[in-house]
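Some notes on the structure that comes next.
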Amino acid sequence: MTVLLNEFNQPVGAPLTGWQGCPLPQHCNLQGHYCHLVPLNAASHSKQLYAAWLQAEDDRGWTWLPAGPFADFASFNQFIIQAAESRDPLHYAVIDNASGEATGSLALMRHDPKNGVIEVGSVIFSPRLQHTTAATEAHALLMHYVFDTLGYRRYEWKCDSLNAPSRRAAERLGFTFEGIFRQAIVYKGRNRDTAWFSLLDSEWPQVRNALSAWLSPGNFDEHGKQRQALSVLRARQQNPQEQQK
């Protein structure tokens with residue numbers, strides 16, 4: 001990589017000619033093939049989300065989340081009310097296209113439009129959504145919005161360093177691990193060392209192409225089983241010669 005030097009012979013970062021920042025994210029509807037995202041709304045979504053979480057065998061799904069578990073619907077509903085009223089984080093409900101019901105939520109948070117940096121967080125996917133095609137598409141829809149519509153330069157993912165499923169999910173989706181921030185947060189009376197991941201606008205086109213190929217209905221057989229893994233499709237995007245094989 002070429003190193004740029006200023007008039008004092010000091011190394012400096014690449015210039016961003018014409019950079020003027022990005023708009024703040026807004027509540028909007030984002031339509032996909034398997035699911036769609038809408039602004040989180042307690043009146044519309046609390047009962048559906050609570051019912052989806054009742055399918056969990058136990059409370060392990062809340063271990064690495066700052067909120068929950070909830071003893072009853074009233075406390076869960078209050079949590080959704082507060083989340084829906086927030087503007088940072090800005091929460092979206094994930095609606096399953098087949099059933100028309102909310103099965104999870106996620107948010108855009110730590111908005112930094114001046115520098116073009118934003119984070120996906122508060123990923124609260126019920127057992128009905130976890131490990132499904134719709135779960136991947138929900139993230140893809142938000143990525144499209146952040147990069148293609150809003151023009152952000154950097155998309156972040158952070159989680160408890162001990163949260164192995166979240167770390168695997170970030171890497172599967174194309175985020176790059178950047179390191180551990182030690183003793184970053186105290187939550188639920190516990191220390192949290194935070195694992196940081198990022199996806200840059202320069203990396204997004206390859207990730208977008210791989211996600212589009214993976215989410216294509218043709219990539220799934222009549223039983224809904226994937227024909228090609230997302231990791232394989234991403235590797236082919238990174239190594240174009242592989243696409244000739």
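Chain labels run A, B, ... following the order of the structure tokens; each chain numbers its residues from 1, and ligands are numbered from 1 in the order shown.
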Inset, instruction - Apply DSSP to the structure's backbone, then extract all residues of stretch 32-228 of chain A labelled helix (DSSP H, G or I) and return them as a PyMOL selection string. - result: chain A and resi 42-53+60-62+73-85+133-149+164-173+204-215+217-219
Legend entry - Polymer residues at most 10 Å from A:Tyr187, only C-alpha atoms, same-chain spacing of 4 or more positions, as number ranges by chain: A: 64-67, 191-192
Write a file of the selected residues as a PDB file, in the first residue's frame, keeping N, CA and C atoms.
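Saved file out.pdb follows:
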ATOM      1  N   TRP A  64     -26.363 -12.940  26.775  1.00  0.00           N
ATOM      2  CA  TRP A  64     -25.424 -11.897  26.363  1.00  0.00           C
ATOM      3  C   TRP A  64     -26.118 -10.617  25.898  1.00  0.00           C
ATOM      4  N   LEU A  65     -27.421 -10.524  26.169  1.00  0.00           N
ATOM      5  CA  LEU A  65     -28.147  -9.298  25.852  1.00  0.00           C
ATOM      6  C   LEU A  65     -28.247  -8.438  27.106  1.00  0.00           C
ATOM      7  N   PRO A  66     -28.218  -7.117  26.948  1.00  0.00           N
ATOM      8  CA  PRO A  66     -28.271  -6.250  28.135  1.00  0.00           C
ATOM      9  C   PRO A  66     -29.615  -6.307  28.856  1.00  0.00           C
ATOM     10  N   ALA A  67     -30.678  -6.685  28.139  1.00  0.00           N
ATOM     11  CA  ALA A  67     -32.007  -6.778  28.741  1.00  0.00           C
ATOM     12  C   ALA A  67     -32.417  -8.235  28.874  1.00  0.00           C
ATOM     13  N   ASN A 191     -18.631  -8.283  34.165  1.00  0.00           N
ATOM     14  CA  ASN A 191     -17.705  -7.613  33.245  1.00  0.00           C
ATOM     15  C   ASN A 191     -17.958  -8.086  31.824  1.00  0.00           C
ATOM     16  N   ARG A 192     -17.765  -7.172  30.863  1.00  0.00           N
ATOM     17  CA  ARG A 192     -17.802  -7.571  29.461  1.00  0.00           C
ATOM     18  C   ARG A 192     -16.569  -7.057  28.749  1.00  0.00           C
TER      19      ARG A 192
END
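Surrounding stretch 131-134 of chain A within 7 Å are Tyr34, Cys35 and Ala138 of chain A, with only C-alpha atoms counted and residues fewer than 4 positions along the same chain left out.
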Please, could you write that set of residues out with all heavy atoms as a JSON list (two decimals), in the first residue's frame?
[["chain", "number", "residue", "atom", "x", "y", "z"],
["A", 34, "TYR", "N", -37.76, -13.14, 2.02],
["A", 34, "TYR", "CA", -38.17, -14.01, 3.12],
["A", 34, "TYR", "C", -38.72, -13.25, 4.32],
["A", 34, "TYR", "O", -39.47, -13.80, 5.11],
["A", 34, "TYR", "CB", -36.98, -14.87, 3.57],
["A", 34, "TYR", "CG", -36.32, -15.59, 2.43],
["A", 34, "TYR", "CD1", -35.17, -15.08, 1.82],
["A", 34, "TYR", "CD2", -36.84, -16.79, 1.94],
["A", 34, "TYR", "CE1", -34.56, -15.73, 0.77],
["A", 34, "TYR", "CE2", -36.23, -17.45, 0.87],
["A", 34, "TYR", "CZ", -35.08, -16.91, 0.29],
["A", 34, "TYR", "OH", -34.49, -17.55, -0.76],
["A", 35, "CYS", "N", -38.30, -12.00, 4.45],
["A", 35, "CYS", "CA", -38.75, -11.17, 5.56],
["A", 35, "CYS", "C", -38.72, -9.72, 5.13],
["A", 35, "CYS", "O", -38.21, -9.38, 4.06],
["A", 35, "CYS", "CB", -37.86, -11.39, 6.79],
["A", 35, "CYS", "SG", -36.19, -10.68, 6.64],
["A", 138, "ALA", "N", -32.44, -10.43, 7.08],
["A", 138, "ALA", "CA", -32.67, -9.24, 7.91],
["A", 138, "ALA", "C", -31.40, -8.41, 8.01],
["A", 138, "ALA", "O", -31.43, -7.18, 7.89],
["A", 138, "ALA", "CB", -33.17, -9.66, 9.30]]
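For stretch 2-18 of chain A, the residues within 12 Å (counting only C-alpha atoms, excluding itself and residues fewer than 5 positions away along the chain) are Asn115, Gly116 and Arg153 of chain A.
In this comparison, which uses only C-alpha atoms, the residue of A:Gly179, A:Pro25, A:Gly189, A:Gly174 approaching A:Ala210 most closely is A:Gly174.
Nearest to A:Leu215 of all the residues A:Arg227, A:Arg128, A:His91, A:Lys188 is A:Arg227, counting only C-alpha atoms.
Distance check against A:Asn219 using only C-alpha atoms: of A:His27, A:Leu233, A:Val94, A:Ala164, the minimum falls on A:Leu233.
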